[in-house]
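Have a look at my_file-v5.txt; it's compact mmCIF, C-alpha atoms:
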```
# COMPACT_ATOMS: atom_id res chain seq x y z
CA MET A 1 0.00 0.00 0.00
CA ILE A 2 2.84 2.39 0.90
CA GLN A 3 4.69 1.63 -2.33
CA TRP A 4 1.51 2.26 -4.33
CA ALA A 5 1.04 5.61 -2.63
CA ILE A 6 4.65 6.58 -3.27
CA GLY A 7 4.35 5.65 -6.92
CA LEU A 8 1.14 7.61 -7.35
CA LEU A 9 2.64 10.58 -5.49
CA VAL A 10 5.64 10.63 -7.81
CA LEU A 11 3.38 10.46 -10.86
CA VAL A 12 1.27 13.38 -9.70
CA LEU A 13 4.20 15.52 -8.60
CA PHE A 14 5.81 15.57 -12.02
CA SER A 15 2.75 15.84 -14.23
CA GLY A 16 0.36 18.64 -15.12
CA CYS A 17 0.84 22.38 -15.13
CA VAL A 18 2.79 24.41 -12.61
CA LYS A 19 0.45 25.90 -10.01
CA GLN A 20 0.69 29.35 -8.52
CA ALA A 21 0.51 28.12 -4.93
CA PRO A 22 2.21 25.01 -3.53
CA GLU A 23 0.03 21.96 -3.10
CA SER A 24 0.58 18.65 -1.37
CA GLU A 25 -0.33 15.57 -3.34
CA LEU A 26 0.70 13.53 -0.31
CA LEU A 27 -2.03 15.10 1.82
CA SER A 28 -4.48 14.61 -1.03
CA LEU A 29 -3.61 10.93 -1.26
CA MET A 30 -4.16 10.60 2.47
CA LYS A 31 -7.43 12.55 2.13
CA VAL A 32 -6.20 15.02 4.75
CA GLY A 33 -6.57 18.79 4.55
CA SER A 34 -3.67 20.96 5.71
CA GLU A 35 -5.98 22.59 8.26
CA GLU A 36 -6.59 19.18 9.86
CA VAL A 37 -2.93 18.60 10.66
CA ASP A 38 -1.64 19.70 14.05
CA SER A 39 1.48 21.52 12.86
CA SER A 40 2.13 23.45 16.06
CA GLU A 41 5.67 23.75 17.39
CA GLU A 42 4.68 21.74 20.48
CA ALA A 43 3.38 18.89 18.33
CA GLY A 44 6.50 18.88 16.19
CA GLU A 45 8.72 18.29 19.21
CA THR A 46 6.76 15.26 20.42
CA VAL A 47 5.86 13.50 17.16
CA PHE A 48 7.88 10.43 16.22
CA ASP A 49 5.64 8.78 13.61
CA ALA A 50 7.08 9.00 10.09
CA PHE A 51 3.92 9.81 8.16
CA THR A 52 2.72 12.23 10.79
CA LEU A 53 5.98 14.16 10.44
CA LEU A 54 5.60 14.17 6.68
CA LYS A 55 2.03 15.41 6.98
CA MET A 56 3.21 18.21 9.25
CA GLY A 57 5.90 19.18 6.76
CA GLU A 58 3.38 19.18 3.93
CA ALA A 59 0.86 21.20 5.93
CA HIS A 60 3.46 23.90 6.51
CA TYR A 61 4.65 23.68 2.90
CA VAL A 62 1.25 24.34 1.34
CA LYS A 63 0.79 27.29 3.72
CA GLU A 64 4.14 28.64 2.48
CA ALA A 65 5.56 28.41 6.01
CA TYR A 66 8.82 27.13 4.61
CA THR A 67 10.96 27.51 7.73
CA GLU A 68 8.55 25.34 9.72
CA ALA A 69 8.24 22.90 6.81
CA ALA A 70 12.02 22.51 6.71
CA ASP A 71 12.08 21.78 10.44
CA ALA A 72 9.54 18.99 10.02
CA TYR A 73 11.38 17.41 7.08
CA LYS A 74 14.69 17.61 8.95
CA ARG A 75 13.17 15.87 11.96
CA PHE A 76 11.75 13.17 9.70
CA LEU A 77 15.14 12.61 8.04
CA LYS A 78 16.94 12.53 11.37
CA LEU A 79 14.60 9.83 12.69
CA TYR A 80 14.10 7.93 9.41
CA PRO A 81 17.17 8.45 7.17
CA ARG A 82 16.43 5.28 5.15
CA HIS A 83 12.66 5.47 5.02
CA ALA A 84 10.99 4.65 1.68
CA MET A 85 10.12 8.34 1.33
CA SER A 86 13.45 9.80 2.43
CA ASP A 87 14.21 10.94 -1.11
CA PHE A 88 10.91 12.79 -1.20
CA ALA A 89 11.72 14.42 2.15
CA TRP A 90 15.16 15.54 0.91
CA TYR A 91 13.54 17.02 -2.18
CA ARG A 92 10.90 18.86 -0.15
CA LEU A 93 13.57 20.05 2.28
CA GLY A 94 15.57 21.49 -0.60
CA MET A 95 12.47 23.14 -2.04
CA SER A 96 11.56 24.59 1.37
CA TYR A 97 14.93 26.37 1.47
CA ASN A 98 14.87 27.19 -2.24
CA LEU A 99 11.51 28.95 -1.97
CA GLN A 100 12.79 31.02 0.95
CA LEU A 101 15.16 32.72 -1.49
CA PHE A 102 12.24 34.60 -3.02
CA ALA A 103 11.47 36.18 0.34
CA HIS A 104 15.10 36.78 1.36
CA LYS A 105 16.89 37.69 -1.86
CA ARG A 106 20.05 39.00 -0.20
CA ASN A 107 20.32 36.21 2.36
CA MET A 108 22.34 33.38 0.85
CA ALA A 109 21.96 31.01 3.83
CA PRO A 110 18.83 29.33 2.37
CA LEU A 111 20.71 28.85 -0.91
CA GLU A 112 23.50 26.91 0.79
CA SER A 113 20.96 24.82 2.73
CA ALA A 114 18.98 24.10 -0.43
CA LEU A 115 22.15 23.04 -2.25
CA SER A 116 23.09 20.75 0.61
CA ALA A 117 19.68 19.05 0.57
CA PHE A 118 19.58 18.58 -3.21
CA GLU A 119 23.17 17.29 -3.26
CA MET A 120 22.33 14.82 -0.49
CA LEU A 121 19.40 13.59 -2.57
CA GLU A 122 21.54 13.28 -5.68
CA ASN A 123 24.38 11.47 -3.88
CA ASP A 124 22.37 9.14 -1.64
CA PHE A 125 19.45 8.44 -3.97
CA PRO A 126 20.85 8.73 -7.53
CA GLU A 127 18.08 6.48 -8.92
CA SER A 128 15.28 8.46 -7.28
CA THR A 129 12.56 9.95 -9.45
CA TYR A 130 13.42 13.27 -7.80
CA ALA A 131 17.14 13.09 -8.67
CA PRO A 132 16.88 14.66 -12.17
CA GLU A 133 14.93 17.61 -10.78
CA ALA A 134 17.44 17.94 -7.94
CA ARG A 135 20.27 18.15 -10.48
CA LYS A 136 18.48 20.98 -12.28
CA LYS A 137 18.04 22.82 -8.99
CA ILE A 138 21.73 22.33 -8.12
CA GLU A 139 22.77 23.82 -11.48
CA ALA A 140 20.41 26.77 -11.06
CA LEU A 141 21.49 27.42 -7.47
CA ASN A 142 25.17 27.25 -8.36
CA ALA A 143 24.53 29.78 -11.14
CA ARG A 144 22.74 32.04 -8.69
CA ARG A 145 25.60 31.77 -6.20
CA ALA A 146 28.11 32.47 -8.97
CA GLN A 147 26.15 35.55 -10.02
CA GLU A 148 26.10 36.78 -6.43
CA HIS A 149 29.89 36.42 -6.22
CA LEU A 150 30.28 38.17 -9.57
CA ASP A 151 28.06 41.10 -8.60
CA ILE A 152 29.94 41.66 -5.34
CA GLY A 153 33.26 41.27 -7.17
CA LEU A 154 32.26 43.95 -9.65
CA PHE A 155 31.33 46.22 -6.77
CA TYR A 156 34.82 45.84 -5.29
CA TYR A 157 36.42 46.16 -8.72
CA LYS A 158 34.76 49.51 -9.33
CA LYS A 159 36.04 50.66 -5.93
CA ARG A 160 39.54 49.47 -6.92
CA GLU A 161 39.62 47.03 -4.02
CA TYR A 162 41.25 44.38 -6.17
CA PRO A 163 42.12 41.64 -3.63
CA ALA A 164 38.49 41.55 -2.46
CA ALA A 165 37.30 41.60 -6.06
CA ILE A 166 39.59 38.73 -7.06
CA ALA A 167 38.38 36.61 -4.15
CA ARG A 168 34.79 37.06 -5.32
CA PHE A 169 35.59 36.42 -8.96
CA GLU A 170 37.33 33.19 -7.99
CA GLY A 171 34.30 32.27 -5.89
CA ALA A 172 32.11 32.72 -8.97
CA GLN A 173 34.36 30.41 -10.96
CA LEU A 174 34.21 27.75 -8.25
CA SER A 175 30.42 27.96 -8.13
CA GLN A 176 29.99 27.67 -11.90
CA LEU A 177 32.96 25.70 -13.19
CA HIS A 178 32.13 26.49 -16.82
CA GLY A 179 29.60 28.94 -18.19
CA PRO A 180 28.97 32.59 -19.03
CA ILE A 181 29.14 33.80 -15.42
CA ALA A 182 32.42 32.01 -14.79
CA GLU A 183 33.79 33.31 -18.10
CA LYS A 184 33.00 36.91 -17.16
CA ALA A 185 34.45 36.37 -13.68
CA LEU A 186 37.67 35.03 -15.19
CA TYR A 187 37.88 38.03 -17.50
CA TYR A 188 37.61 40.40 -14.56
CA THR A 189 40.16 38.32 -12.70
CA VAL A 190 42.61 39.16 -15.50
CA LEU A 191 41.77 42.85 -15.26
CA SER A 192 41.98 42.86 -11.46
CA TYR A 193 45.40 41.23 -11.35
CA ASP A 194 46.60 43.58 -14.07
CA ALA A 195 45.27 46.67 -12.29
CA SER A 196 46.84 45.58 -9.01
CA GLY A 197 50.27 45.22 -10.64
CA ASN A 198 50.49 41.41 -10.52
CA ALA A 199 51.53 40.87 -14.13
CA GLN A 200 52.36 37.18 -13.73
CA ALA A 201 48.97 36.31 -12.20
CA ALA A 202 47.21 38.41 -14.86
CA LYS A 203 48.99 36.55 -17.66
CA THR A 204 48.21 33.18 -16.08
CA ALA A 205 44.55 34.13 -15.76
CA ALA A 206 44.47 35.29 -19.39
CA ALA A 207 45.98 32.00 -20.56
CA LEU A 208 43.32 30.13 -18.57
CA LEU A 209 40.60 32.31 -20.11
CA PHE A 210 41.77 31.44 -23.63
CA GLU A 211 42.15 27.75 -22.76
CA MET A 212 38.73 27.34 -21.16
CA TYR A 213 36.88 29.63 -23.58
CA PRO A 214 38.74 29.51 -26.92
CA ASP A 215 35.96 31.46 -28.67
CA THR A 216 35.58 34.09 -25.96
CA SER A 217 34.69 37.57 -27.12
CA TYR A 218 37.09 38.92 -24.47
CA LYS A 219 39.99 38.09 -26.81
CA LYS A 220 39.18 41.37 -28.54
CA ASP A 221 39.62 43.34 -25.32
CA HIS A 222 42.75 45.51 -25.58
CA ALA A 223 43.75 45.01 -21.94
CA VAL A 224 43.51 41.23 -22.27
CA GLN A 225 45.48 41.32 -25.53
CA ARG A 226 48.18 43.40 -23.87
CA VAL A 227 48.40 41.06 -20.88
CA ALA A 228 48.49 37.97 -23.08
CA ALA A 229 51.25 39.46 -25.26
CA SER A 230 53.46 40.45 -22.33
CA PRO A 231 56.85 38.66 -22.23
CA ILE A 232 56.49 37.55 -18.62
CA ARG A 233 56.55 33.78 -18.16
```

Please go through the file and, once you have read it, give me the structure as structure tokens.
Amino acid sequence: MIQWAIGLLVLVLFSGCVKQAPESELLSLMKVGSEEVDSSEEAGETVFDAFTLLKMGEAHYVKEAYTEAADAYKRFLKLYPRHAMSDFAWYRLGMSYNLQLFAHKRNMAPLESALSAFEMLENDFPESTYAPEARKKIEALNARRAQEHLDIGLFYYKKREYPAAIARFEGAQLSQLHGPIAEKALYYTVLSYDASGNAQAAKTAAALLFEMYPDTSYKKDHAVQRVAASPIR
């Protein structure tokens, strides 16, 4: 019966149109309304039953109380790390943090927590139905983190605070190992090293830019051309 419910839940979760407000197919399958679930903080601390914890998480989730939803999913995963629905709980935990980013755009803590949850799902349950979606979320979150590093790096670059800028540009490259954000960050790494007087590091960064992005438009940049043509080895 549990396996049937899980299978039906998976089918419903990944079919149909995207809805404006979050819904819980799990609660629907159990024929339970979110208002019927005791999702109080006191209840959460005393509940040990797996499905009750999941229902609490779902009740908070559909009410867009994502902090409380995350707490319920974390408690479930702590008590039942190898439950048949652990992959679902990891996915919902990641989504609970991911959706908090819309409310706290400058707070990157939910982003790191969401990444951690999705990566746990991908690593521990690679065959899960939720794994492909988790991989998409990981890619999107890494791009968002890379963009955040890039934006802050550009802020420091414009203020001529080059060491701080370089640290952020390198952070962007680590977050997105290959892509347009990382390419731009690497370009500004070249400029930052050059502007700070570190000719050797600038030339090394330029060589890496050309190696990783052989068709980069930044080859036409006069500063990059000058750095790349410098005789320093």

message: If I take CA of Gly179 (chain A) and CA of Arg144 (chain A), how far is one from the other in Å, to one decimal?
response: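 Those two atoms sit 12.1 Å apart.
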
query: So how far away is CA of Phe76 (chain A) from CA of Leu53 (chain A), in Å?
result: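 These two atoms are separated by 5.9 Å.
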
query: Restricting the calculation to all atoms listed in the file, which member of A:Ala185, A:Leu174, A:Ala195, A:Ala207 is positioned closest to Tyr162 (chain A)?
result: A:Ala195

- prompt: Which is closest to Gln173 (chain A) among A:Arg160, A:His83, A:Tyr193, A:Gln147, if we use all atoms listed in the file?
  reply: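 Of the candidates, the smallest distance to Gln173 (chain A) is held by A:Gln147.
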
- prompt: CA of Leu150 (chain A) and CA of Asp215 (chain A), how far apart in Å?
  reply: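 A separation of 21.0 Å between them.
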
Set up a box along x, y and z of the file covering all listed atoms of region 216-227 of chain A, add 3 Å on every one of the six sides, and write the centre and edge lengths in Å to one decimal, as lines of an AutoDock Vina configuration file.
```
center_x = 41.5
center_y = 39.8
center_z = -24.7
size_x = 19.7
size_y = 17.4
size_z = 13.7
```

message: So that I can check the surroundings of region 115-118 of chain A, please list as a ChimeraX atom specification every protein, DNA and RNA residue that reaches within 10 Å of it, counting only C-alpha atoms and ignoring chain neighbours fewer than 5 positions away.
response: /A:74,87,89-98,110,123-124,130-131,133-142

- prompt: Hey, what's within 9 Å of Pro163 (chain A) if we count only C-alpha atoms and toss same-chain stuff fewer than 3 positions away? As an MDAnalysis selection string, please?
  reply: chainID A and resid 156:157 160 166:168 192:193 196

query: Val190 (chain A): which residues within 6 Å, counting all atoms listed in the file, same-chain residues fewer than 3 positions away excluded, as a ChimeraX atom specification?
result: /A:187,193,202,205-206
